[in-house]
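In what follows, a structure is listed as structure tokens, so that the remarks can point back to it.
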Protein chains: 2
Amino acid sequence: MDDFIFGTLATDEKRLAYLRAAWEGVTHRQSREPRAPLPGQAFRLTLTTGPAYSGERAWVYWTTDGSDPAGEHGVATNGFAAPMTLTSAEWNVLVWDYIRHFEVTVPGQPDGTVLRYRLSAESPLAGEVFADGGSYYACYIVDALTHGHPPEWAQDAVVYHIFVDRFFPGSGREWAQPVDPTGFYGGTLRGVLEKMDYLSELGVSVLYLSPLFPSPSHHGYDSTELFEVEPRLGTKADLRALLDETHRRGMHAILDFVPNHISNQHPLFIQAASDPLSPYHDWFTFGHWPDRYETFFGVRTLPQFNLRYPPARNYMLDVARYWLEFGVDGYRVDYAIGPSPDFWADFRRVTLSTNPNCWTFGEVVDPPDVQRAFEGGLDGCLDFILLEALRQSFAFGRWSPVRLAAFLNRHEAYFPSTFSRPSFLDNHDMNRFLWAANGDVRRLKLAALCQFSLVGPPIIYYGTEVGLSQERDVRQADFGRPHESRLPMLWGSQQKTMLFDYYQHLIALRRAHPALRRGAREVLFADSSALAFTRGEDSDQVATALNLSTDPVAVRLLRPFGQVLLATSPDCSSQSTTGETLITLPPLGGLMLGR
Amino acid sequence: MDDFIFGTLATDEKRLAYLRAAWEGVTHRQSREPRAPLPGQAFRLTLTTGPAYSGERAWVYWTTDGSDPAGEHGVATNGFAAPMTLTSAEWNVLVWDYIRHFEVTVPGQPDGTVLRYRLSAESPLAGEVFADGGSYYACYIVDALTHGHPPEWAQDAVVYHIFVDRFFPGSGREWAQPVDPTGFYGGTLRGVLEKMDYLSELGVSVLYLSPLFPSPSHHGYDSTELFEVEPRLGTKADLRALLDETHRRGMHAILDFVPNHISNQHPLFIQAASDPLSPYHDWFTFGHWPDRYETFFGVRTLPQFNLRYPPARNYMLDVARYWLEFGVDGYRVDYAIGPSPDFWADFRRVTLSTNPNCWTFGEVVDPPDVQRAFEGGLDGCLDFILLEALRQSFAFGRWSPVRLAAFLNRHEAYFPSTFSRPSFLDNHDMNRFLWAANGDVRRLKLAALCQFSLVGPPIIYYGTEVGLSQERDVRQADFGRPHESRLPMLWGSQQKTMLFDYYQHLIALRRAHPALRRGAREVLFADSSALAFTRGEDSDQVATALNLSTDPVAVRLLRPFGQVLLATSPDCSSQSTTGETLITLPPLGGLMLGR
């Protein structure tokens, strides 16, 4: 865990606090089955109550007319209510007391309903206590199958993640020379457009662009205007041109959508913070106006948007609708755990009705249950859990192939196949993989081979394919942000062309073999050195073999395979006889075989 | 938790290690439903597998002919086998990985069957791994209802716990004057017999005697002979006379049974440790003969008895049978978690068939799930969890009445009503309650009032009823054992007669009111100062009101009650009008009301 991806859960102390908060309180955390109910389908909600909630009483309140559910002691003042049933109790060793489980079944609802709900339990001292700190939940009852989500193009995608300021200046300009790495390097939308041939040659099918809206920062996550393009990066016309070119090439483009917070320089916040009677006061959550307000992780320049306040919620939904109408094909949703959980039903309704073919996935740096709970709100989540496994296995060499194989089986089984889990080896918030792997390109190639052999649509962080790395650990950065992983893209002779060729080959194979994108996976071999598995069946089957050790290995697979589709090094070889295949792999080598 | 009762689970670190050992491994821990299956009744076993056990495969093996179940990969070589079904998976934050749950249903068995079973799951590296470190489990399939367990007299019991060496010398002798408190004070069985009038006057119905068998120690938990009486304490004739007198008075007597270990001075162990070819070698578990062997908590003088070895098991079962046939009425079972879990089915079979009316309960200083798992093996367990709650609430004043009320509700709901839970305020292994309460007799009286108002048969540790306390904290003892709580009984003018009168009254009320022993309990009132609840209904109903605060309180109960049955102090009062009762209680005062 010293990669510090899950920083909020990195120590036993933090994990205990996290679990105790759940076990000691009244906790739902979207424990709902099915999580995305279809029209007419009843669903079951569960609740856990800690030792302070001694009663045998718990309730659910819900509405189906868009209003907030309200009521007390099981009597709805708005909408419906039902008692929950005590189903079991257990002693919790960490809380050192009993905790209880309640259940209720909510009746099925018609297509298109947004069902909002809250749960509560009785406490002898505090009275009725609402689950999860008073959270509001919602599900959008919609026949996801007819909407075909995630869309086909998403499951087939190879995504290229562009940090716009750092990709290419374009228009004949050189990189700017900022005083420090928090400054602007001068990348633009036009620069991206000029590099479309490069991206086509690489073979990616989806561009994911970092935040484009006006913002005082190089990263753009602190927007001062949500319906415009940051002038440094270009104009709406530039974006239109880029989208048109993307679509002309049969590719798609998605934006970074940041619903949780805006810049404190945004006019909405400036007004709210300067006039106590401002109509925008409730668009934020002031503890003590104007000094204290809810923020993103305590950063005062990033006030949290109050998405429980209908005008603010509608405003943010308008943003989501606007850019889809403008022509983007979906969103990577920043900090999706931030907004009130019921926001996502509305987000789902707006995005699906604006562009039924859009793709949305969340950034949720939390355990798998928290990620999976977004089912029905988003098409999926960035696969941070896999990210950690791949880095532990391939960058640090800390996981044995046996552990990785076991993890992959459990991980894939945990998520429904309709839940999109884009895979990645690194991003703009952590050390680049190549840096973490101490510059060992073999580790990167092997990790990418594994990544591209798994079901999740792979994301390539710009520059990875040509050996872009960094100079210091991001946690040693002087500027409070992981700038080291956002260095300018390498162009021309700076690029490692052999690595580019490898990625190009890998992408082409993924695009040529539906088995790699949709085929069933079966582990053929795992020991303390190597791992081998297949994707797909019959005529379209691909086998991947990975040597995670620093010694050469020979792996015998009890099936015949055909040609070598790709190898990380010329020292990899494969021989098939009638019944089996003998694979020889150099240290940290791997290959992909066809039938 | 600084009372240090649950010392092995006293810190977060220890609790985490305890939970991780369960979650990371292949764990059953007697998760069986029903725990005590009746003849013909199928039962469900569950298993949890940690991240190292990646397969979807787990099995159960069982026999019904008394032999040990054996087999591999789901094929029984002895008895039966069945595959378990993967039912669910979840992310475990503390393990930081997925864990899985398996289930299987085992078919019902005929009356009198001892069904032995083991569970296993597949691990890719270690192969097949048996649950809980290879434990063997068993259940004795018997119609417990026809056996009427626990017996009526047990549920009606008021138990008096006698530490024999410290109770009364008898035969006109004075206390001995040992050099240090680990020595012998000279209490005898004849001394107990001579004090039967005292015990009858107090009103208790069951004597629980500390270990009586030959032993080099004052406590007797390290026996050198299991079929005799320690000569210091008396003879078999003395024990016979004591049992006869006990039964003549309509009382019962139970012994301390220690199946887990014996003294290293026991001839069996001496033989096993002196001759490598001894037939008793396997009666113990030698890691490296003769130096290393399994012990009770690493104490070399207490070698663990290998109850998995049939001759040793039968020998220990003979001990249990012998003393029941001799005339004792049951056992308090020392360290019941020590023996292999399958031992208890045999113990159950032997004890029920020898004396169907006997009472057995275990000393299990573990969480409630571990205690409850003894259902079907023992009649119940000493209620260590309640002990902690009563000490926290009444001795230390750390729990609010609200918390205590909530705890009692959850605690009582967790155990089946047929599971015997003898209650106690202290014992020979911890600070006496009165010492823990800083000598405040009000706290002791209030705690006892609560204890005697709950369903569990109360145990009085000798001397508590006359104000026996101690001089130092047991953890500061010089001699490695909690001798301070084992000081000689007070007799004559040393006794606090007012406290004796109070206990006498309390016991008489318990014996007079079936409601206190069997009635339903209902909380009428709980706030941050006081707690009130009823036992029983209609004509036989008793209300108990307890002021846990150090201020006077008035408690209004919205029901009429009648006479004051008992009050901890003359300052307690009660006034009933038609619809309600107003109770006034001094600091740390309480009372009991009838209808």
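Please note that chains go A, B, ... in the order of the structure tokens, that every chain numbers its residues from 1, and that ligands are numbered from 1 in the order shown.
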Show me, as JSON lines, the residues of chain A having an atom within 8 Å of chain B, each with the closest atom pair and its distance in Å, using only C-alpha atoms.
```
{"residue": "A:Asp12", "atom": "CA", "partner": "B:Leu94", "partner_atom": "CA", "distance": 7.1}
{"residue": "A:Arg15", "atom": "CA", "partner": "B:Leu94", "partner_atom": "CA", "distance": 6.4}
{"residue": "A:Leu16", "atom": "CA", "partner": "B:Leu94", "partner_atom": "CA", "distance": 7.6}
{"residue": "A:Leu19", "atom": "CA", "partner": "B:Val93", "partner_atom": "CA", "distance": 7.8}
{"residue": "A:Pro51", "atom": "CA", "partner": "B:Ala406", "partner_atom": "CA", "distance": 7.1}
{"residue": "A:Ala52", "atom": "CA", "partner": "B:Arg403", "partner_atom": "CA", "distance": 6.7}
{"residue": "A:Tyr53", "atom": "CA", "partner": "B:Ala406", "partner_atom": "CA", "distance": 7.5}
{"residue": "A:Ser54", "atom": "CA", "partner": "B:Ala406", "partner_atom": "CA", "distance": 4.7}
{"residue": "A:Gly55", "atom": "CA", "partner": "B:Ala406", "partner_atom": "CA", "distance": 7.8}
{"residue": "A:Ala89", "atom": "CA", "partner": "B:Tyr414", "partner_atom": "CA", "distance": 6.9}
{"residue": "A:Glu90", "atom": "CA", "partner": "B:Asp369", "partner_atom": "CA", "distance": 7.5}
{"residue": "A:Trp91", "atom": "CA", "partner": "B:Pro368", "partner_atom": "CA", "distance": 6.5}
{"residue": "A:Val93", "atom": "CA", "partner": "B:Arg15", "partner_atom": "CA", "distance": 6.5}
{"residue": "A:Leu94", "atom": "CA", "partner": "B:Arg15", "partner_atom": "CA", "distance": 6.4}
{"residue": "A:Asp97", "atom": "CA", "partner": "B:Phe407", "partner_atom": "CA", "distance": 7.8}
{"residue": "A:Tyr98", "atom": "CA", "partner": "B:Arg410", "partner_atom": "CA", "distance": 6.7}
{"residue": "A:Pro124", "atom": "CA", "partner": "B:Val402", "partner_atom": "CA", "distance": 7.0}
{"residue": "A:Leu125", "atom": "CA", "partner": "B:Val402", "partner_atom": "CA", "distance": 7.4}
{"residue": "A:Pro367", "atom": "CA", "partner": "B:Trp91", "partner_atom": "CA", "distance": 7.0}
{"residue": "A:Pro368", "atom": "CA", "partner": "B:Trp91", "partner_atom": "CA", "distance": 6.5}
{"residue": "A:Asp369", "atom": "CA", "partner": "B:Trp91", "partner_atom": "CA", "distance": 6.7}
{"residue": "A:Val402", "atom": "CA", "partner": "B:Pro124", "partner_atom": "CA", "distance": 7.0}
{"residue": "A:Arg403", "atom": "CA", "partner": "B:Ala52", "partner_atom": "CA", "distance": 6.7}
{"residue": "A:Ala406", "atom": "CA", "partner": "B:Ser54", "partner_atom": "CA", "distance": 4.7}
{"residue": "A:Phe407", "atom": "CA", "partner": "B:Pro51", "partner_atom": "CA", "distance": 7.1}
{"residue": "A:Asn409", "atom": "CA", "partner": "B:Ser54", "partner_atom": "CA", "distance": 7.2}
{"residue": "A:Arg410", "atom": "CA", "partner": "B:Tyr98", "partner_atom": "CA", "distance": 6.6}
{"residue": "A:His411", "atom": "CA", "partner": "B:Tyr98", "partner_atom": "CA", "distance": 7.6}
{"residue": "A:Tyr414", "atom": "CA", "partner": "B:Ala89", "partner_atom": "CA", "distance": 6.9}
{"residue": "A:Asp527", "atom": "CA", "partner": "B:Leu125", "partner_atom": "CA", "distance": 7.4}
```
Written selection (N, CA and C atoms) as a tab-separated table (two decimals), in the first residue's frame:
```tsv
chain	number	residue	atom	x	y	z
A	12	ASP	N	-3.98	0.73	9.13
A	12	ASP	CA	-4.95	0.03	9.96
A	12	ASP	C	-5.83	1.03	10.72
A	15	ARG	N	-8.43	2.38	8.42
A	15	ARG	CA	-9.40	1.36	8.05
A	15	ARG	C	-10.35	1.09	9.22
A	16	LEU	N	-9.78	1.06	10.42
A	16	LEU	CA	-10.62	0.85	11.59
A	16	LEU	C	-11.62	1.98	11.76
A	19	LEU	N	-14.36	1.56	9.20
A	19	LEU	CA	-15.30	0.48	9.50
A	19	LEU	C	-16.15	0.80	10.73
A	51	PRO	N	-24.50	-0.36	18.13
A	51	PRO	CA	-24.99	-0.61	19.48
A	51	PRO	C	-25.85	0.51	20.05
A	52	ALA	N	-25.69	1.72	19.59
A	52	ALA	CA	-26.49	2.81	20.17
A	52	ALA	C	-27.94	2.76	19.71
A	53	TYR	N	-28.24	1.94	18.69
A	53	TYR	CA	-29.59	1.91	18.13
A	53	TYR	C	-30.24	0.60	18.56
A	54	SER	N	-30.80	0.65	19.74
A	54	SER	CA	-31.21	-0.60	20.38
A	54	SER	C	-32.54	-1.10	19.90
A	55	GLY	N	-33.34	-0.22	19.30
A	55	GLY	CA	-34.71	-0.60	18.97
A	55	GLY	C	-34.74	-1.69	17.94
A	89	ALA	N	-28.42	-10.53	13.85
A	89	ALA	CA	-27.56	-9.74	14.72
A	89	ALA	C	-26.26	-10.49	14.86
A	90	GLU	N	-25.20	-9.77	15.13
A	90	GLU	CA	-23.91	-10.44	15.32
A	90	GLU	C	-23.05	-9.60	16.24
A	91	TRP	N	-22.12	-10.25	16.87
A	91	TRP	CA	-21.15	-9.55	17.71
A	91	TRP	C	-20.05	-9.04	16.81
A	93	VAL	N	-16.38	-7.69	16.73
A	93	VAL	CA	-15.21	-7.68	17.60
A	93	VAL	C	-14.57	-6.30	17.68
A	94	LEU	N	-14.58	-5.56	16.59
A	94	LEU	CA	-13.92	-4.26	16.61
A	94	LEU	C	-14.74	-3.22	17.36
A	97	ASP	N	-19.31	-5.04	20.47
A	97	ASP	CA	-20.73	-4.99	20.84
A	97	ASP	C	-21.51	-5.61	19.69
A	98	TYR	N	-22.82	-5.72	19.87
A	98	TYR	CA	-23.66	-6.30	18.82
A	98	TYR	C	-23.99	-5.26	17.76
A	124	PRO	N	-32.37	5.29	21.26
A	124	PRO	CA	-33.06	5.68	22.49
A	124	PRO	C	-32.72	7.11	22.92
A	125	LEU	N	-31.51	7.56	22.64
A	125	LEU	CA	-31.17	8.91	23.09
A	125	LEU	C	-31.41	9.96	22.02
A	367	PRO	N	-13.14	1.28	-1.89
A	367	PRO	CA	-13.25	-0.17	-2.07
A	367	PRO	C	-14.32	-0.56	-3.09
A	368	PRO	N	-14.23	-1.80	-3.59
A	368	PRO	CA	-15.12	-2.24	-4.66
A	368	PRO	C	-16.62	-2.12	-4.36
A	369	ASP	N	-17.02	-2.29	-3.11
A	369	ASP	CA	-18.45	-2.16	-2.82
A	369	ASP	C	-18.92	-0.74	-3.08
A	402	VAL	N	0.45	-16.17	-8.41
A	402	VAL	CA	-0.67	-16.90	-7.81
A	402	VAL	C	-1.66	-15.92	-7.18
A	403	ARG	N	-1.11	-14.96	-6.45
A	403	ARG	CA	-1.98	-13.98	-5.82
A	403	ARG	C	-2.70	-13.14	-6.87
A	406	ALA	N	-5.48	-15.21	-8.40
A	406	ALA	CA	-6.61	-15.32	-7.48
A	406	ALA	C	-7.37	-14.01	-7.42
A	407	PHE	N	-6.63	-12.91	-7.31
A	407	PHE	CA	-7.28	-11.60	-7.25
A	407	PHE	C	-8.12	-11.35	-8.50
A	409	ASN	N	-9.54	-13.38	-10.55
A	409	ASN	CA	-10.77	-14.19	-10.54
A	409	ASN	C	-11.82	-13.58	-9.64
A	410	ARG	N	-11.43	-13.24	-8.44
A	410	ARG	CA	-12.39	-12.70	-7.48
A	410	ARG	C	-12.90	-11.34	-7.92
A	411	HIS	N	-11.98	-10.54	-8.43
A	411	HIS	CA	-12.33	-9.17	-8.82
A	411	HIS	C	-13.34	-9.18	-9.97
A	414	TYR	N	-16.78	-10.25	-8.93
A	414	TYR	CA	-17.50	-9.35	-8.02
A	414	TYR	C	-18.39	-8.35	-8.76
A	527	ASP	N	2.00	-20.00	-10.92
A	527	ASP	CA	2.86	-20.45	-9.83
A	527	ASP	C	3.56	-19.23	-9.27
```
Notebook entry, point to check: Mind checking DSSP for stretch 388-506 of chain B and telling me the helix (DSSP H, G or I) residues as a PyMOL selection string?
Noted result: chain B and resi 388-395+401-414+433-436+441-452+464-466+474-476+483-486+492-494+497-506
Next item on the list: Check the DSSP output for the backbone and give back, as a ChimeraX atom specification, the residues of stretch 233-411 of chain B in strand (DSSP E).
Entry: /B:252-257,286-288,292-293,295-296,299-303,330-333,359-362,380-381
Margin query: Could you list, as a list of chain:residue names, every residue within 10 Å of A:Ser171, counting only C-alpha atoms and ignoring same-chain residues fewer than 4 positions away?
Written below: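 My list of contacting residues is A:Thr188, A:Arg190, A:Gly191, A:Glu194.
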Generate the output file for the selected residues, N, CA, C and O atoms, as a PDB file, in the first residue's frame.
```
ATOM      1  N   THR A 188      -2.747  22.813 -26.334  1.00  0.00           N
ATOM      2  CA  THR A 188      -4.043  23.355 -26.752  1.00  0.00           C
ATOM      3  C   THR A 188      -4.875  22.270 -27.436  1.00  0.00           C
ATOM      4  O   THR A 188      -4.368  21.218 -27.822  1.00  0.00           O
ATOM      5  N   ARG A 190      -6.119  22.694 -30.343  1.00  0.00           N
ATOM      6  CA  ARG A 190      -5.611  22.664 -31.711  1.00  0.00           C
ATOM      7  C   ARG A 190      -4.396  21.745 -31.801  1.00  0.00           C
ATOM      8  O   ARG A 190      -4.214  21.019 -32.790  1.00  0.00           O
ATOM      9  N   GLY A 191      -3.593  21.792 -30.753  1.00  0.00           N
ATOM     10  CA  GLY A 191      -2.453  20.870 -30.682  1.00  0.00           C
ATOM     11  C   GLY A 191      -2.906  19.429 -30.750  1.00  0.00           C
ATOM     12  O   GLY A 191      -2.321  18.593 -31.454  1.00  0.00           O
ATOM     13  N   GLU A 194      -3.942  18.633 -34.252  1.00  0.00           N
ATOM     14  CA  GLU A 194      -2.790  18.447 -35.148  1.00  0.00           C
ATOM     15  C   GLU A 194      -2.133  17.079 -34.970  1.00  0.00           C
ATOM     16  O   GLU A 194      -1.403  16.621 -35.838  1.00  0.00           O
TER      17      GLU A 194
END
```
Margin query: Applying 10 Å and only C-alpha atoms, which residues near B:Met251 remain after dropping the ones on its own chain fewer than 5 positions away? List them as a ChimeraX atom specification.
Written below: /B:153,157-159,200,203-207,243-246,329
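Going from atom CA of B:Tyr331 over to atom CA of B:Thr360, you cover 4.8 Å.
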Item checked: Separation of atom CA of A:Ser569 from atom CA of A:Arg443, in Å and rounded to one decimal ->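 Distance between the two atoms: 11.7 Å.
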Next item on the list: Excluding B:Asp540 and residues on its chain fewer than 3 positions from it, collect all residues at most 7 Å away from it, counting only C-alpha atoms, and give them as a VMD selection string.
Entry: chain B and resid 513 515 536 to 537
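Residues with any atom within 8 Å of A:Ser31, counting only C-alpha atoms and excluding same-chain neighbours fewer than 3 positions away, are His28, Arg35, Leu45, Thr46, Leu47 and Ala373 of chain A.
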Checklist line | Distance query A:Ala58 at most 7 Å, only C-alpha atoms, self and fewer than 2 positions along chain excluded, as number ranges by chain | finding: A: 56, 83-84, 120-122
Please, could you write that set of residues out with all heavy atoms as a PDB file, in the first residue's frame?
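As a result, result-v5.pdb now contains:
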```
ATOM      1  N   GLU A  56     -35.894  -2.250  17.775  1.00  0.00           N
ATOM      2  CA  GLU A  56     -36.086  -3.227  16.712  1.00  0.00           C
ATOM      3  C   GLU A  56     -36.726  -2.510  15.534  1.00  0.00           C
ATOM      4  O   GLU A  56     -37.315  -3.138  14.668  1.00  0.00           O
ATOM      5  CB  GLU A  56     -37.023  -4.347  17.190  1.00  0.00           C
ATOM      6  CG  GLU A  56     -36.664  -4.865  18.555  1.00  0.00           C
ATOM      7  CD  GLU A  56     -36.195  -6.316  18.530  1.00  0.00           C
ATOM      8  OE1 GLU A  56     -36.569  -7.020  17.581  1.00  0.00           O
ATOM      9  OE2 GLU A  56     -35.457  -6.700  19.434  1.00  0.00           O
ATOM     10  N   PRO A  83     -41.912  -0.217   7.268  1.00  0.00           N
ATOM     11  CA  PRO A  83     -40.972  -0.655   8.304  1.00  0.00           C
ATOM     12  C   PRO A  83     -39.965  -1.646   7.735  1.00  0.00           C
ATOM     13  O   PRO A  83     -40.275  -2.414   6.831  1.00  0.00           O
ATOM     14  CB  PRO A  83     -41.875  -1.341   9.336  1.00  0.00           C
ATOM     15  CG  PRO A  83     -43.067  -1.792   8.560  1.00  0.00           C
ATOM     16  CD  PRO A  83     -43.243  -0.828   7.425  1.00  0.00           C
ATOM     17  N   MET A  84     -38.763  -1.625   8.264  1.00  0.00           N
ATOM     18  CA  MET A  84     -37.767  -2.628   7.907  1.00  0.00           C
ATOM     19  C   MET A  84     -37.855  -3.781   8.915  1.00  0.00           C
ATOM     20  O   MET A  84     -38.346  -3.613  10.025  1.00  0.00           O
ATOM     21  CB  MET A  84     -36.359  -2.022   7.904  1.00  0.00           C
ATOM     22  CG  MET A  84     -36.214  -0.879   6.919  1.00  0.00           C
ATOM     23  SD  MET A  84     -34.489  -0.313   6.716  1.00  0.00           S
ATOM     24  CE  MET A  84     -33.831  -1.566   5.585  1.00  0.00           C
ATOM     25  N   SER A 120     -33.972   4.992   8.055  1.00  0.00           N
ATOM     26  CA  SER A 120     -33.694   5.455   9.412  1.00  0.00           C
ATOM     27  C   SER A 120     -33.841   4.320  10.404  1.00  0.00           C
ATOM     28  O   SER A 120     -34.457   3.287  10.111  1.00  0.00           O
ATOM     29  CB  SER A 120     -34.644   6.589   9.807  1.00  0.00           C
ATOM     30  OG  SER A 120     -35.941   6.075  10.017  1.00  0.00           O
ATOM     31  N   ALA A 121     -33.266   4.504  11.578  1.00  0.00           N
ATOM     32  CA  ALA A 121     -33.455   3.571  12.693  1.00  0.00           C
ATOM     33  C   ALA A 121     -33.609   4.404  13.962  1.00  0.00           C
ATOM     34  O   ALA A 121     -33.255   5.583  13.993  1.00  0.00           O
ATOM     35  CB  ALA A 121     -32.274   2.609  12.823  1.00  0.00           C
ATOM     36  N   GLU A 122     -34.147   3.738  14.962  1.00  0.00           N
ATOM     37  CA  GLU A 122     -34.470   4.439  16.191  1.00  0.00           C
ATOM     38  C   GLU A 122     -33.303   4.349  17.173  1.00  0.00           C
ATOM     39  O   GLU A 122     -32.720   3.290  17.347  1.00  0.00           O
ATOM     40  CB  GLU A 122     -35.673   3.751  16.801  1.00  0.00           C
ATOM     41  CG  GLU A 122     -36.439   4.578  17.754  1.00  0.00           C
ATOM     42  CD  GLU A 122     -37.666   3.793  18.167  1.00  0.00           C
ATOM     43  OE1 GLU A 122     -37.518   2.600  18.484  1.00  0.00           O
ATOM     44  OE2 GLU A 122     -38.754   4.367  18.137  1.00  0.00           O
TER      45      GLU A 122
END
```
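The space between atom CA of A:Leu565 and atom CA of A:Asp383 spans 26.4 Å.
Considering the residues A:Gly492, A:Arg173, A:Val60, A:Phe163 and counting only C-alpha atoms, A:Pro211 has its shortest atom-to-atom contact with A:Phe163.
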